[in-house]
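> Structure file my_file.cif, mmCIF, C-alpha atoms and all ligand atoms, is pasted below:
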data_protein
#
loop_
_atom_site.label_atom_id
_atom_site.label_comp_id
_atom_site.auth_asym_id
_atom_site.auth_seq_id
_atom_site.Cartn_x
_atom_site.Cartn_y
_atom_site.Cartn_z
CA MET A 1 -24.81 -52.30 -51.24
CA LEU A 2 -27.96 -50.50 -50.25
CA ARG A 3 -26.05 -48.85 -47.45
CA LEU A 4 -23.36 -47.72 -49.88
CA LEU A 5 -26.00 -46.32 -52.23
CA VAL A 6 -27.75 -44.47 -49.44
CA SER A 7 -24.44 -43.11 -48.22
CA GLY A 8 -23.54 -42.03 -51.80
CA VAL A 9 -26.86 -40.22 -52.20
CA TYR A 10 -26.32 -38.64 -48.81
CA ASP A 11 -22.80 -37.49 -49.79
CA VAL A 12 -24.11 -35.93 -52.99
CA ALA A 13 -26.87 -34.19 -51.03
CA VAL A 14 -24.39 -32.82 -48.48
CA SER A 15 -21.97 -31.57 -51.11
CA GLU A 16 -24.82 -29.85 -53.03
CA PHE A 17 -26.00 -28.30 -49.82
CA TRP A 18 -22.47 -26.98 -49.18
CA GLN A 19 -22.13 -25.62 -52.70
CA GLN A 20 -25.35 -23.67 -52.32
CA PHE A 21 -25.30 -22.61 -48.69
CA SER A 22 -21.67 -22.64 -47.47
CA LEU A 23 -21.34 -18.85 -47.75
CA LEU A 24 -24.60 -18.38 -45.85
CA VAL A 25 -23.47 -20.71 -43.03
CA ILE A 26 -20.10 -18.95 -42.70
CA ALA A 27 -21.79 -15.54 -42.69
CA ALA A 28 -24.18 -16.72 -39.93
CA ILE A 29 -21.28 -17.95 -37.78
CA LEU A 30 -19.38 -14.67 -38.24
CA LEU A 31 -22.49 -12.66 -37.34
CA GLY A 32 -22.92 -14.76 -34.18
CA ILE A 33 -19.32 -14.10 -33.09
CA LEU A 34 -19.71 -10.36 -33.76
CA LEU A 35 -22.94 -10.07 -31.73
CA ARG A 36 -21.42 -11.99 -28.83
CA SER A 37 -18.34 -9.81 -28.64
CA ARG A 38 -20.53 -6.65 -28.78
CA ARG A 39 -22.65 -7.96 -25.92
CA LYS A 40 -19.47 -8.59 -23.92
CA ALA A 41 -18.20 -5.07 -24.65
CA ALA A 42 -21.52 -3.54 -23.52
CA LYS A 43 -21.38 -5.54 -20.29
CA ALA A 44 -17.83 -4.37 -19.64
CA THR A 45 -18.86 -0.68 -19.85
CA GLU A 46 -21.79 -1.27 -17.48
CA ASP A 47 -19.40 -2.66 -14.93
CA SER A 48 -16.67 -0.01 -14.62
CA PRO A 49 -13.31 -1.62 -15.34
CA VAL A 50 -10.92 -1.92 -12.45
CA LYS A 51 -7.78 -3.64 -13.64
CA LEU A 52 -6.27 -6.24 -11.41
CA TYR A 53 -2.54 -5.68 -11.70
CA ARG A 54 -1.26 -8.37 -9.36
CA PRO A 55 -2.43 -11.89 -8.68
CA ARG A 56 -2.35 -11.41 -4.90
CA PHE A 57 -5.92 -11.71 -3.72
CA ASN A 58 -6.77 -11.63 -0.05
CA GLN A 59 -3.42 -12.91 1.09
CA ARG A 60 -1.00 -10.79 3.02
CA SER A 61 1.86 -9.31 1.08
CA GLY A 62 4.88 -11.57 0.83
CA THR A 63 2.80 -14.75 0.42
CA ALA A 64 4.78 -17.12 -1.80
CA HIS A 65 3.45 -17.50 -5.33
CA ASP A 66 2.66 -21.18 -4.93
CA GLN A 67 0.64 -20.49 -1.79
CA LEU A 68 -1.71 -17.98 -3.41
CA LYS A 69 -5.31 -19.16 -3.24
CA PRO A 70 -7.75 -18.62 -6.10
CA ASN A 71 -9.69 -15.36 -6.20
CA PRO A 72 -12.38 -15.74 -3.50
CA VAL A 73 -14.61 -12.88 -4.71
CA ARG A 74 -17.84 -13.94 -6.42
CA HIS A 75 -19.28 -10.52 -7.20
CA TYR A 76 -17.46 -7.21 -7.11
CA ALA A 77 -19.45 -4.24 -5.83
CA SER A 78 -20.27 -1.61 -8.41
CA CYS A 79 -21.63 1.91 -8.39
CA HIS A 80 -21.70 4.75 -10.90
CA CYS A 81 -20.22 7.57 -8.80
CA LEU A 82 -16.99 7.80 -10.78
CA ASP A 83 -18.17 6.60 -14.18
CA ALA A 84 -17.26 9.89 -15.87
CA GLN A 85 -13.58 8.97 -15.60
CA TYR A 86 -14.14 6.23 -18.14
CA GLU A 87 -15.65 8.63 -20.69
CA ARG A 88 -13.43 9.17 -23.64
CA ALA A 89 -11.95 12.65 -24.00
CA GLU A 90 -13.82 14.61 -26.67
CA LYS A 91 -12.49 16.77 -29.45
CA GLY A 92 -13.50 20.43 -29.21
CA ALA A 93 -15.16 22.45 -32.01
CA GLU A 94 -11.79 23.16 -33.62
CA GLY A 95 -10.98 19.48 -33.65
CA ASP A 96 -7.85 19.97 -31.57
CA GLU A 97 -9.04 20.87 -28.10
CA VAL A 98 -9.75 17.93 -25.92
CA ALA A 99 -12.51 18.16 -23.33
CA GLY A 100 -12.16 16.03 -20.20
CA PRO A 101 -14.88 13.92 -18.65
CA ARG A 102 -18.07 15.74 -17.61
CA TRP A 103 -18.30 15.41 -13.87
CA ARG A 104 -21.45 16.00 -11.94
CA GLU A 105 -21.67 16.95 -8.28
CA LEU A 106 -20.95 13.78 -6.34
CA SER A 107 -22.81 12.65 -3.26
CA PHE A 108 -21.85 10.20 -0.57
CA HIS A 109 -23.11 6.67 -0.48
CA THR A 110 -25.89 6.87 2.08
CA GLU A 111 -26.91 3.22 2.07
CA GLU A 112 -27.66 2.03 5.57
CA GLN A 113 -26.40 -1.24 6.93
CA ASP A 114 -29.08 -3.70 8.01
CA THR A 115 -27.73 -4.32 11.49
CA GLY A 116 -30.55 -6.75 12.28
CA SER A 117 -29.41 -9.14 9.56
CA GLU A 118 -27.91 -12.54 10.12
CA ALA A 119 -24.84 -11.40 8.13
CA TRP A 120 -24.17 -8.49 10.51
CA GLY A 121 -24.59 -10.78 13.52
CA ALA A 122 -22.09 -13.22 12.00
CA LEU A 123 -19.62 -10.38 11.42
CA GLU A 124 -19.91 -9.20 15.04
CA ALA A 125 -19.39 -12.78 16.22
CA TYR A 126 -16.35 -13.13 13.94
CA ILE A 127 -14.86 -9.93 15.38
CA ALA A 128 -15.38 -11.28 18.91
CA ARG A 129 -13.60 -14.49 17.87
CA VAL A 130 -10.63 -12.64 16.38
CA ARG A 131 -10.39 -10.59 19.58
CA ALA A 132 -10.64 -13.63 21.88
CA ASP A 133 -8.07 -15.59 19.84
CA GLU A 134 -5.79 -12.56 19.72
CA SER A 135 -5.45 -13.30 16.03
CA ASP A 136 -3.18 -11.08 13.97
CA GLU A 137 -5.48 -11.24 10.96
CA PHE A 138 -8.92 -9.82 10.19
CA ASP A 139 -10.26 -11.41 7.01
CA PRO A 140 -14.07 -11.23 7.14
CA LEU A 141 -14.58 -12.84 3.71
CA THR A 142 -13.02 -16.02 5.01
CA GLY A 143 -14.49 -15.48 8.48
CA ILE A 144 -18.18 -15.24 7.52
CA GLY A 145 -18.27 -16.51 3.92
CA TRP A 146 -18.84 -14.55 0.73
CA GLU A 147 -22.65 -14.70 0.78
CA ARG A 148 -22.82 -12.85 4.07
CA TRP A 149 -19.83 -10.62 3.31
CA GLU A 150 -21.62 -9.29 0.22
CA GLN A 151 -24.36 -7.90 2.47
CA ILE A 152 -21.91 -5.85 4.54
CA ILE A 153 -21.52 -2.18 3.53
CA THR A 154 -19.70 -0.87 6.60
CA LEU A 155 -17.83 -2.37 9.55
CA PRO A 156 -18.95 -2.46 13.20
CA LYS A 157 -17.34 0.04 15.55
CA SER A 158 -16.02 -2.97 17.44
CA ILE A 159 -13.18 -3.32 14.89
CA GLY A 160 -11.48 -0.71 17.11
CA THR A 161 -11.07 -3.39 19.78
CA LEU A 162 -8.95 -5.61 17.50
CA THR A 163 -5.62 -4.46 18.84
CA SER A 164 -3.87 -7.77 18.08
CA VAL A 165 -4.66 -7.52 14.36
CA ARG A 166 -1.77 -6.64 12.05
CA PHE A 167 -3.34 -7.53 8.72
CA VAL A 168 -6.76 -6.41 7.46
CA SER A 169 -8.06 -7.92 4.23
CA LEU A 170 -11.12 -6.29 2.72
CA TYR A 171 -10.34 -7.45 -0.81
CA GLY A 172 -13.32 -7.11 -3.16
CA SER A 173 -15.64 -5.93 -0.37
CA HIS A 174 -19.01 -4.23 -0.88
CA LEU A 175 -18.12 -1.61 1.74
CA VAL A 176 -19.15 2.00 1.08
CA ARG A 177 -17.50 3.42 4.22
CA ILE A 178 -15.18 2.47 7.05
CA PRO A 179 -15.90 3.66 10.59
CA PRO A 180 -13.45 6.02 12.33
CA GLU A 181 -12.80 3.32 14.94
CA ILE A 182 -10.28 1.81 12.52
CA GLY A 183 -7.89 4.37 14.05
CA ASP A 184 -7.96 2.36 17.30
CA MET A 185 -6.38 -0.69 15.66
CA ALA A 186 -3.09 0.00 17.35
CA ASN A 187 -1.07 -2.76 15.67
CA LEU A 188 -2.43 -2.57 12.14
CA GLU A 189 0.43 -2.99 9.65
CA GLU A 190 -1.19 -3.95 6.36
CA PHE A 191 -4.51 -2.66 5.06
CA ASP A 192 -5.87 -4.22 1.89
CA PRO A 193 -9.24 -2.98 0.62
CA TYR A 194 -8.19 -3.58 -3.03
CA THR A 195 -11.08 -3.74 -5.56
CA SER A 196 -13.60 -2.45 -3.00
CA ARG A 197 -15.04 -0.33 -5.76
CA CYS A 198 -17.54 1.64 -3.69
CA LEU A 199 -14.98 2.76 -1.14
CA HIS A 200 -14.15 6.27 -2.37
CA TRP A 201 -12.75 7.81 0.86
CA PHE A 202 -11.44 6.91 4.31
CA PRO A 203 -11.84 8.40 7.77
CA TYR A 204 -9.02 10.70 8.88
CA GLU A 205 -8.71 8.51 11.98
CA ILE A 206 -6.86 5.87 9.92
CA THR A 207 -3.79 8.13 10.17
CA ARG A 208 -3.71 7.28 13.88
CA CYS A 209 -2.63 3.68 13.28
CA PRO A 210 1.01 4.05 14.33
CA THR A 211 2.44 0.95 12.63
CA LEU A 212 0.47 0.99 9.37
CA LYS A 213 3.08 0.64 6.60
CA ARG A 214 1.57 -1.27 3.69
CA SER A 215 -1.69 -0.68 1.87
CA ARG A 216 -3.27 -1.76 -1.37
CA VAL A 217 -6.06 0.56 -2.48
CA SER A 218 -7.72 0.76 -5.92
CA THR A 219 -6.58 4.29 -6.80
CA ARG A 220 -9.14 4.97 -9.49
CA CYS A 221 -11.99 4.36 -7.04
CA LEU A 222 -10.87 7.31 -4.88
CA TYR A 223 -12.17 10.89 -4.85
CA GLY A 224 -9.50 13.21 -6.28
CA ASN A 225 -7.35 10.32 -7.52
CA TYR A 226 -4.33 11.50 -9.50
CA LYS A 227 -5.26 9.52 -12.60
CA TYR A 228 -8.62 11.20 -13.30
CA ARG A 229 -9.16 13.80 -10.54
CA PRO A 230 -12.80 13.02 -9.87
CA PRO A 231 -14.43 15.63 -7.61
CA PHE A 232 -15.07 15.22 -3.90
CA PRO A 233 -18.62 15.46 -2.52
CA ARG A 234 -19.29 18.97 -1.23
CA LEU A 235 -19.03 19.55 2.51
CA PRO A 236 -20.50 20.03 4.99
CA ARG A 237 -22.89 17.15 4.93
CA ASP A 238 -24.86 16.20 7.98
CA LEU A 239 -24.11 12.52 8.07
CA ALA A 240 -24.81 11.10 11.48
CA ALA A 241 -23.75 7.65 10.31
CA PHE A 242 -20.21 8.90 9.55
CA SER A 243 -19.48 11.13 12.52
CA PRO A 244 -16.99 10.02 15.13
CA ALA A 245 -17.73 10.46 18.84
CA VAL A 246 -14.74 12.76 19.29
CA CYS A 247 -12.75 15.23 17.18
CA SER A 248 -10.72 13.46 14.46
CA VAL A 249 -7.72 15.66 15.26
CA CYS A 250 -7.50 16.37 19.02
CA ARG A 251 -9.77 13.51 20.21
CA GLU A 252 -11.67 15.85 22.51
CA PRO A 253 -15.46 15.52 22.59
CA PHE A 254 -17.41 17.96 20.42
CA THR A 255 -18.45 20.80 22.66
CA GLN A 256 -19.73 23.28 20.10
CA GLU A 257 -22.82 22.52 18.13
CA ARG A 258 -20.88 22.76 14.93
CA ILE A 259 -18.63 20.01 13.61
CA TYR A 260 -16.04 21.21 11.10
CA GLN A 261 -15.75 18.82 8.19
CA ALA A 262 -12.92 18.93 5.65
CA TRP A 263 -11.25 16.79 3.00
CA ILE A 264 -7.52 16.26 2.97
CA SER A 265 -5.38 13.91 0.81
CA LEU A 266 -2.51 12.42 2.77
CA ASN A 267 0.11 9.73 2.36
CA VAL A 268 -1.16 6.74 4.31
CA ALA A 269 1.06 3.64 4.19
CA THR A 270 1.81 3.13 0.46
CA ASP A 271 -1.11 5.15 -0.94
CA VAL A 272 -2.45 8.69 -0.98
CA LEU A 273 -5.95 8.58 0.48
CA PRO A 274 -8.76 11.12 0.47
CA LEU A 275 -9.59 11.50 4.17
CA LEU A 276 -12.70 12.98 5.75
CA VAL A 277 -11.98 15.03 8.87
CA HIS A 278 -14.52 15.80 11.59
CA ALA A 279 -12.94 18.51 13.74
CA CYS A 280 -14.11 20.28 16.88
CA SER A 281 -12.75 23.68 15.85
CA GLU A 282 -11.13 25.70 13.10
CA LYS A 283 -7.96 25.46 15.13
CA CYS A 284 -7.97 21.66 14.70
CA ILE A 285 -8.49 22.08 10.94
CA ASP A 286 -5.55 24.54 10.85
CA GLY A 287 -3.41 21.98 12.68
CA LEU A 288 -3.82 19.29 9.99
CA PRO A 289 -0.61 18.10 8.31
CA THR A 290 0.54 19.28 4.87
CA PRO A 291 -1.34 17.39 2.13
CA ALA A 292 0.49 14.93 -0.13
CA ALA A 293 2.47 16.49 -2.98
CA GLY A 294 0.49 16.63 -6.23
CA TYR A 295 -2.88 17.04 -4.47
CA VAL A 296 -4.89 20.06 -3.31
CA GLN A 297 -2.48 21.73 -0.91
CA GLU A 298 -4.90 22.59 1.89
CA PRO A 299 -7.91 21.09 3.63
CA HIS A 300 -10.98 21.79 1.48
CA PHE A 301 -14.72 21.37 1.19
CA GLY A 302 -14.85 19.49 -2.11
CA GLY A 303 -17.55 20.32 -4.66
CA LEU A 304 -17.37 20.66 -8.44
CA ASP A 305 -15.71 24.09 -8.33
CA LEU A 306 -12.70 22.84 -6.37
CA LYS A 307 -9.52 23.38 -8.38
CA GLN A 308 -7.39 20.23 -8.41
CA PRO A 309 -4.06 19.68 -10.16
CA PRO A 310 -4.49 18.19 -13.66
CA PRO A 311 -4.75 14.39 -13.99
CA LEU A 312 -1.42 12.61 -14.33
CA TRP A 313 -2.63 9.60 -16.26
ZN ZN B 401 -19.85 4.99 -5.44
ZN ZN B 402 -10.35 19.08 17.95
#
Just give me the structure of the file as structure tokens.
Ligand SMILES: [Zn+2]
Ligand SMILES: [Zn+2]


Amino acid sequence: MLRLLVSGVYDVAVSEFWQQFSLLVIAAILLGILLRSRRKAAKATEDSPVKLYRPRFNQRSGTAHDQLKPNPVRHYASCHCLDAQYERAEKGAEGDEVAGPRWRELSFHTEEQDTGSEAWGALEAYIARVRADESDEFDPLTGIGWERWEQIITLPKSIGTLTSVRFVSLYGSHLVRIPPEIGDMANLEEFDPYTSRCLHWFPYEITRCPTLKRSRVSTRCLYGNYKYRPPFPRLPRDLAAFSPAVCSVCREPFTQERIYQAWISLNVATDVLPLLVHACSEKCIDGLPTPAAGYVQEPHFGGLDLKQPPPLW
């Protein structure tokens, strides 16, 4: 009886509480949801969106759907080089003209790899293992684990010795550049640096890989990409870390003091890539192939004043 009474009093108290404060409680919940979604939206802009179109992660193309492993990437790399392409187009003074994104002069990533680190040592050891096993696959994320892989911003020159490798997976890497020695990977067929968001260009030497036929590159992370036409960093830039030992075009050693740098966009496997050329002479620059249709139609030096075709997005 006492329990019933207490429960009755309790029920009355609860229902009075609801009558008086229900609107307040609902409003508080709605406010909470609103703040949370705004925080999420802010975070999304901080971390430039790169849409993942296909569920293939670091597996080679053709892997059956039921054999796909879960996404192995813990943290995607991020930088702000190409942020302007996510700015919304603005209306002009008349209200009808639309101004594109405001680009600033871009510069290269100049981060230096800590080659004394345990992660770099593990990567070199993994490369030696792939070479010794004559493996057809180079998948450093699996080979050294994601904690070490996140500390790697370029690859050792020794990747050029991996002539048995047909499949390179750099999915979700933190790489900011790839060494020209990739051109020595004589049996490379599939190159997958998808969602490597700080990889904005590739060395011209990649065009040397004679059997390269499939690639998966995040287009909107590339200089001069057709969707937004971000600028290319202005050349020349004295970048000892990037320079190959020999001319990108004729493979002769550099005899003159000057190295001729140029940008060119070419069809490479299934993508159009912005390629950085280091040539020994103007003659080697003149001998470059015709650029991909829909891109600047000659080798160029980049910079904000470069005229590119309009974006096609
Ligand atoms: Zn960047
Ligand atoms: Zn040359």

> Which distance in Å separates CA of Glu87 (chain A) and CA of Pro101 (chain A), to one decimal?

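Interatomic distance here is 5.7 Å.
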
> If we draw a sphere of 10 Å around (-12.5, 24.4, 1.8), which residues have at least one atom in it when counting only C-alpha atoms? Please report them as a PyMOL selection string.

chain A and resi 234-236+261-264+298-303+306

> Each residue of chain A lying at most 7 Å from ligand ZN 401 (chain B) should get a row with its shortest atom-to-atom pair and the distance in Å to one decimal, counting only C-alpha atoms and all ligand atoms; could you produce that, ordered by chain and increasing number, as CSV?


residue,atom,partner,partner_atom,distance
A:Cys79,CA,B:ZN401,ZN,4.6
A:His80,CA,B:ZN401,ZN,5.8
A:Cys81,CA,B:ZN401,ZN,4.3
A:Leu82,CA,B:ZN401,ZN,6.7
A:His109,CA,B:ZN401,ZN,6.2
A:Cys198,CA,B:ZN401,ZN,4.4
A:Leu199,CA,B:ZN401,ZN,6.9
A:His200,CA,B:ZN401,ZN,6.6

> Quick one: residues within 6 Å of Ser169 (chain A), only C-alpha atoms counted, chain neighbours fewer than 4 positions away excluded, as a PyMOL selection string?

chain A and resi 58+139+192

> Within 6 Å of ligand ZN 402 (chain B), counting only C-alpha atoms and all ligand atoms, which protein or nucleic acid residues do you find, written as a list in words?

Cys247, Val249, Cys250, Glu252, Ala279, Cys280, Ser281 and Cys284 of chain A

> Next, the residues of the selection above should be written as a PDB file, keeping the file's coordinate frame with C-alpha atoms.


ATOM      1  CA  CYS A 247     -12.750  15.230  17.180  1.00  0.00           C
ATOM      2  CA  VAL A 249      -7.720  15.660  15.260  1.00  0.00           C
ATOM      3  CA  CYS A 250      -7.500  16.370  19.020  1.00  0.00           C
ATOM      4  CA  GLU A 252     -11.670  15.850  22.510  1.00  0.00           C
ATOM      5  CA  ALA A 279     -12.940  18.510  13.740  1.00  0.00           C
ATOM      6  CA  CYS A 280     -14.110  20.280  16.880  1.00  0.00           C
ATOM      7  CA  SER A 281     -12.750  23.680  15.850  1.00  0.00           C
ATOM      8  CA  CYS A 284      -7.970  21.660  14.700  1.00  0.00           C
TER       9      CYS A 284
END

> Starting from the point (-21.4, 17.7, -9.3), work out which residues of protein, DNA or RNA have an atom no more than 7 Å away when counting all atoms listed in the file; state them as number ranges by chain.

A: 103-106, 303-304

> Using only C-alpha atoms, which of A:Leu222, A:Leu312, A:Leu275, A:Ile159 sits nearest Thr195 (chain A)?

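Smallest separation from Thr195 (chain A) among the options: A:Leu222.
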
> At a cut-off of 12 Å, using only C-alpha atoms, what residues contact Val268 (chain A)? Leave out same-chain residues fewer than 3 positions from it and give the result as a list in words.

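So the residues in contact are Glu189, Glu190, Phe191, Phe202, Pro203, Tyr204, Glu205, Ile206, Thr207, Arg208, Cys209, Pro210, Thr211, Leu212, Lys213, Arg214, Ser215, Arg216, Val217, Ile264, Ser265, Asp271, Val272, Leu273, Pro274, Leu275, Pro291 and Ala292 of chain A.
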
> I'd like to know which of A:Leu266, A:Met185, A:Leu68, A:Val73 is closest to Gly224 (chain A), using only C-alpha atoms.

A:Leu266

> What separation in Å, quoted to one decimal, exists between CA of Asp114 (chain A) and CA of Leu155 (chain A)?

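Calculated distance between CA of Asp114 (chain A) and CA of Leu155 (chain A) is 11.4 Å.
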
> Can you tell me how far CA of Glu124 (chain A) sits from CA of Asp136 (chain A), in Å to one decimal?

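So the two atoms, CA of Glu124 (chain A) and CA of Asp136 (chain A), lie 16.9 Å apart.
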
> Compare A:His174, A:Lys157, A:Arg102, A:Arg197 by their minimum atom-to-atom distance to Phe242 (chain A), counting all atoms listed in the file, and give me the closest one.

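The answer is A:Lys157, which sits nearest to Phe242 (chain A).
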
> I need region 230-260 of chain A from the structure I supplied, saved as a tab-separated table (two decimals), in the first residue's frame with C-alpha atoms retained.


chain	number	residue	atom	x	y	z
A	230	PRO	CA	44.72	23.99	-59.56
A	231	PRO	CA	48.01	25.67	-60.51
A	232	PHE	CA	51.38	23.95	-60.67
A	233	PRO	CA	54.28	25.18	-58.51
A	234	ARG	CA	56.50	27.52	-60.50
A	235	LEU	CA	59.70	26.10	-61.96
A	236	PRO	CA	62.61	26.01	-61.76
A	237	ARG	CA	63.03	25.02	-58.17
A	238	ASP	CA	66.32	23.82	-56.85
A	239	LEU	CA	65.20	20.68	-55.14
A	240	ALA	CA	68.11	18.37	-54.56
A	241	ALA	CA	65.82	15.83	-52.92
A	242	PHE	CA	63.80	15.43	-56.15
A	243	SER	CA	66.51	15.38	-58.80
A	244	PRO	CA	67.31	12.16	-60.59
A	245	ALA	CA	70.93	11.12	-61.20
A	246	VAL	CA	70.44	11.20	-64.97
A	247	CYS	CA	68.27	13.08	-67.48
A	248	SER	CA	64.60	12.06	-67.23
A	249	VAL	CA	64.38	11.91	-71.03
A	250	CYS	CA	67.65	10.60	-72.55
A	251	ARG	CA	69.07	8.98	-69.37
A	252	GLU	CA	72.46	10.57	-69.96
A	253	PRO	CA	74.23	12.08	-66.95
A	254	PHE	CA	73.85	15.84	-66.49
A	255	THR	CA	76.91	17.42	-68.02
A	256	GLN	CA	75.89	21.07	-68.00
A	257	GLU	CA	75.48	22.89	-64.75
A	258	ARG	CA	71.90	23.62	-65.57
A	259	ILE	CA	69.09	21.12	-65.22
A	260	TYR	CA	66.01	21.94	-67.29
